[in-house]
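Working notes for the structure below.
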2 protein chains.
Amino acid sequence: MSAENWLQQLQDNGYRLTAARRAVVFTVYGSTHALTPAQVYDTARKKYRALGLVTVYRTLEKLEELHLIQRVHQPLGCQAFIAAGIGHQHLLLCKQCGQVEFFEGDDLDALTHSIARKTGYQIQEH
Amino acid sequence: MSAENWLQQLQDNGYRLTAARRAVVFTVYGSTHALTPAQVYDTARKKYRALGLVTVYRTLEKLEELHLIQRVHQPLGCQAFIAAGIGHQHLLLCKQCGQVEFFEGDDLDALTHSIARKTGYQIQEH
DNA sequence: TACAATATTGAAAATGATTTTCAATAAGGA
DNA sequence: TCCTTATTGAAAATCATTTTCAATATTGTA
């Protein structure tokens, strides 16, 4: 999955391709770290100066909707985003406190079941 | 560990005992769910009407400092708190994205090691 | 290629949560 | 009881996010 592919998916879903969106897509796609909207803004503005912060928020919203990025919660400022679907991801979600944890790897099913058995957590999503 | 014990710890650490703090302590201590500052405010004000939201923030801050409560990240509004140290808790923390997950139970050590081995996550805290 | 319909834009204003400031008050040691 | 000083709540300030809106740019169609 390439950055161009993300743009293609935006277009396929009826969204227009603009310089602003390209800048945001290439920024988030190219990062290995979770980025806050402000960080995306700062970085993407190096590619496209006229970019507005509002547009960053709106584009991230759409990328999340298409499951191209994943929302992640930081200990402090909260709310950061990172490219989704890198590898095969497993997600543990606590329905009570809302915390999530996800792992990459292929043979974690037994593990998650084990955790569910031992702790009472239910595996809600996978 | 009782609510009175929390008050004692506040006092032992040089903090004064006030009606406002008592209301906050009893509220958070008595909840099995993670509560947002606003929720703590609403509930605690039933015990002590004159309570201010600002004081809730300040008291939560101190309780967290003393490790009596734990900050937890909600999917949406973020920032909620829950009593810490209920049972024997294990905490998984991802240093990259900042997400945490904690479990109760006693025999998860083997599990966390296993997870660490399989996923490359390092067990940072316990 | 030119046009027209309309999605998208950035700026500014609005909102909502959290933090800071400050003068009045209350806790707790002497 | 008195005195020092930590704590208080209200209001103002700050910061992130969302909404509003008129100007602009994209894309399908001719």
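In the structure tokens, the first chain shown is A, the next is B, and so on; residue numbers restart at 1 for each chain, and ligands run from 1 in the order shown.
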
Per residue of chain C within 12 Å of stretch 48-65 of chain B, record the nearest atom pair and its distance in Å to one decimal, counting only C-alpha atoms (C1' of nucleotides), with rows in chain order and ascending residue number, as a tab-separated table.
residue	atom	partner	partner_atom	distance
C:DA17	C1'	B:Tyr57	CA	11.2
C:DT18	C1'	B:Tyr57	CA	8.4
C:DT19	C1'	B:Val54	CA	8.8
C:DT20	C1'	B:Val54	CA	10.5

Give me a file of those residues, with N, CA and C atoms (P, O5', C5', C4', C3', O3' and C1' of nucleotides), as a short mmCIF file (atom, residue, chain, number, x, y, z; two decimals), in the first residue's frame.
data_model
loop_
_atom_site.label_atom_id
_atom_site.label_comp_id
_atom_site.auth_asym_id
_atom_site.auth_seq_id
_atom_site.Cartn_x
_atom_site.Cartn_y
_atom_site.Cartn_z
P DA C 17 -16.47 20.09 27.63
"O5'" DA C 17 -14.91 19.97 27.95
"C5'" DA C 17 -14.11 19.09 27.17
"C4'" DA C 17 -12.66 19.38 27.50
"C3'" DA C 17 -12.32 19.19 28.98
"O3'" DA C 17 -11.11 18.46 29.06
"C1'" DA C 17 -11.72 21.36 28.28
P DT C 18 -10.57 17.98 30.47
"O5'" DT C 18 -9.49 19.07 30.83
"C5'" DT C 18 -8.35 19.20 29.99
"C4'" DT C 18 -7.59 20.45 30.36
"C3'" DT C 18 -7.09 20.50 31.82
"O3'" DT C 18 -5.67 20.51 31.76
"C1'" DT C 18 -8.01 22.57 31.14
P DT C 19 -4.80 20.69 33.07
"O5'" DT C 19 -4.53 22.27 33.11
"C5'" DT C 19 -4.02 22.90 31.96
"C4'" DT C 19 -3.66 24.34 32.27
"C3'" DT C 19 -2.95 24.54 33.62
"O3'" DT C 19 -1.83 25.37 33.37
"C1'" DT C 19 -4.87 25.93 33.49
P DT C 20 -0.90 25.86 34.59
"O5'" DT C 20 -1.39 27.37 34.79
"C5'" DT C 20 -1.47 28.23 33.67
"C4'" DT C 20 -1.93 29.62 34.12
"C3'" DT C 20 -1.25 30.13 35.39
"O3'" DT C 20 -0.81 31.45 35.12
"C1'" DT C 20 -3.60 30.23 35.63
#

Give the residues of chain A that lie within 8 Å of chain D; count only C-alpha atoms (C1' of nucleotides), and format the answer as a PyMOL selection string. chain A and resi 16-18

Output C-alpha atoms for every residue in the selection just made, as a compact mmCIF listing (two decimals), in the first residue's frame.
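Below is the file again.txt, written as the result:
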# COMPACT_ATOMS: atom_id res chain seq x y z
CA ARG A 16 -11.31 15.23 -4.67
CA LEU A 17 -7.56 15.27 -4.86
CA THR A 18 -6.05 18.56 -3.78

I need the chain C residues near chain A as JSON, numbers by chain; criterion: at most 10 Å, counting only C-alpha atoms (C1' of nucleotides). {"C": [7, 8, 9, 10, 11]}

Those selected residues, please, written with N, CA and C atoms (P, O5', C5', C4', C3', O3' and C1' of nucleotides) and delivered as a PDB file, in the first residue's frame.
ATOM      1  P    DA C   7     -21.036  18.417  -3.407  1.00  0.00           P
ATOM      2  O5'  DA C   7     -19.568  17.963  -2.973  1.00  0.00           O
ATOM      3  C5'  DA C   7     -18.739  17.331  -3.929  1.00  0.00           C
ATOM      4  C4'  DA C   7     -17.300  17.743  -3.699  1.00  0.00           C
ATOM      5  C3'  DA C   7     -16.838  17.629  -2.252  1.00  0.00           C
ATOM      6  O3'  DA C   7     -15.520  17.105  -2.310  1.00  0.00           O
ATOM      7  C1'  DA C   7     -16.576  19.867  -2.990  1.00  0.00           C
ATOM      8  P    DT C   8     -14.644  16.928  -1.018  1.00  0.00           P
ATOM      9  O5'  DT C   8     -13.888  18.328  -0.918  1.00  0.00           O
ATOM     10  C5'  DT C   8     -12.928  18.644  -1.912  1.00  0.00           C
ATOM     11  C4'  DT C   8     -12.238  19.933  -1.549  1.00  0.00           C
ATOM     12  C3'  DT C   8     -11.713  19.991  -0.108  1.00  0.00           C
ATOM     13  O3'  DT C   8     -10.303  20.174  -0.170  1.00  0.00           O
ATOM     14  C1'  DT C   8     -12.858  21.981  -0.699  1.00  0.00           C
ATOM     15  P    DT C   9      -9.434  20.329   1.134  1.00  0.00           P
ATOM     16  O5'  DT C   9      -9.351  21.899   1.240  1.00  0.00           O
ATOM     17  C5'  DT C   9      -8.597  22.601   0.258  1.00  0.00           C
ATOM     18  C4'  DT C   9      -8.711  24.077   0.475  1.00  0.00           C
ATOM     19  C3'  DT C   9      -8.320  24.530   1.876  1.00  0.00           C
ATOM     20  O3'  DT C   9      -6.945  24.840   1.876  1.00  0.00           O
ATOM     21  C1'  DT C   9     -10.314  25.617   1.094  1.00  0.00           C
ATOM     22  P    DG C  10      -6.121  24.884   3.189  1.00  0.00           P
ATOM     23  O5'  DG C  10      -6.353  26.382   3.664  1.00  0.00           O
ATOM     24  C5'  DG C  10      -5.951  27.452   2.817  1.00  0.00           C
ATOM     25  C4'  DG C  10      -6.419  28.742   3.440  1.00  0.00           C
ATOM     26  C3'  DG C  10      -5.915  28.975   4.863  1.00  0.00           C
ATOM     27  O3'  DG C  10      -5.624  30.359   4.995  1.00  0.00           O
ATOM     28  C1'  DG C  10      -8.282  28.852   4.873  1.00  0.00           C
ATOM     29  P    DA C  11      -5.001  30.957   6.323  1.00  0.00           P
ATOM     30  O5'  DA C  11      -6.206  31.859   6.864  1.00  0.00           O
ATOM     31  C5'  DA C  11      -6.844  32.760   5.958  1.00  0.00           C
ATOM     32  C4'  DA C  11      -7.938  33.517   6.685  1.00  0.00           C
ATOM     33  C3'  DA C  11      -7.583  33.917   8.118  1.00  0.00           C
ATOM     34  O3'  DA C  11      -8.057  35.239   8.342  1.00  0.00           O
ATOM     35  C1'  DA C  11      -9.514  32.515   8.104  1.00  0.00           C
TER      36       DA C  11
END
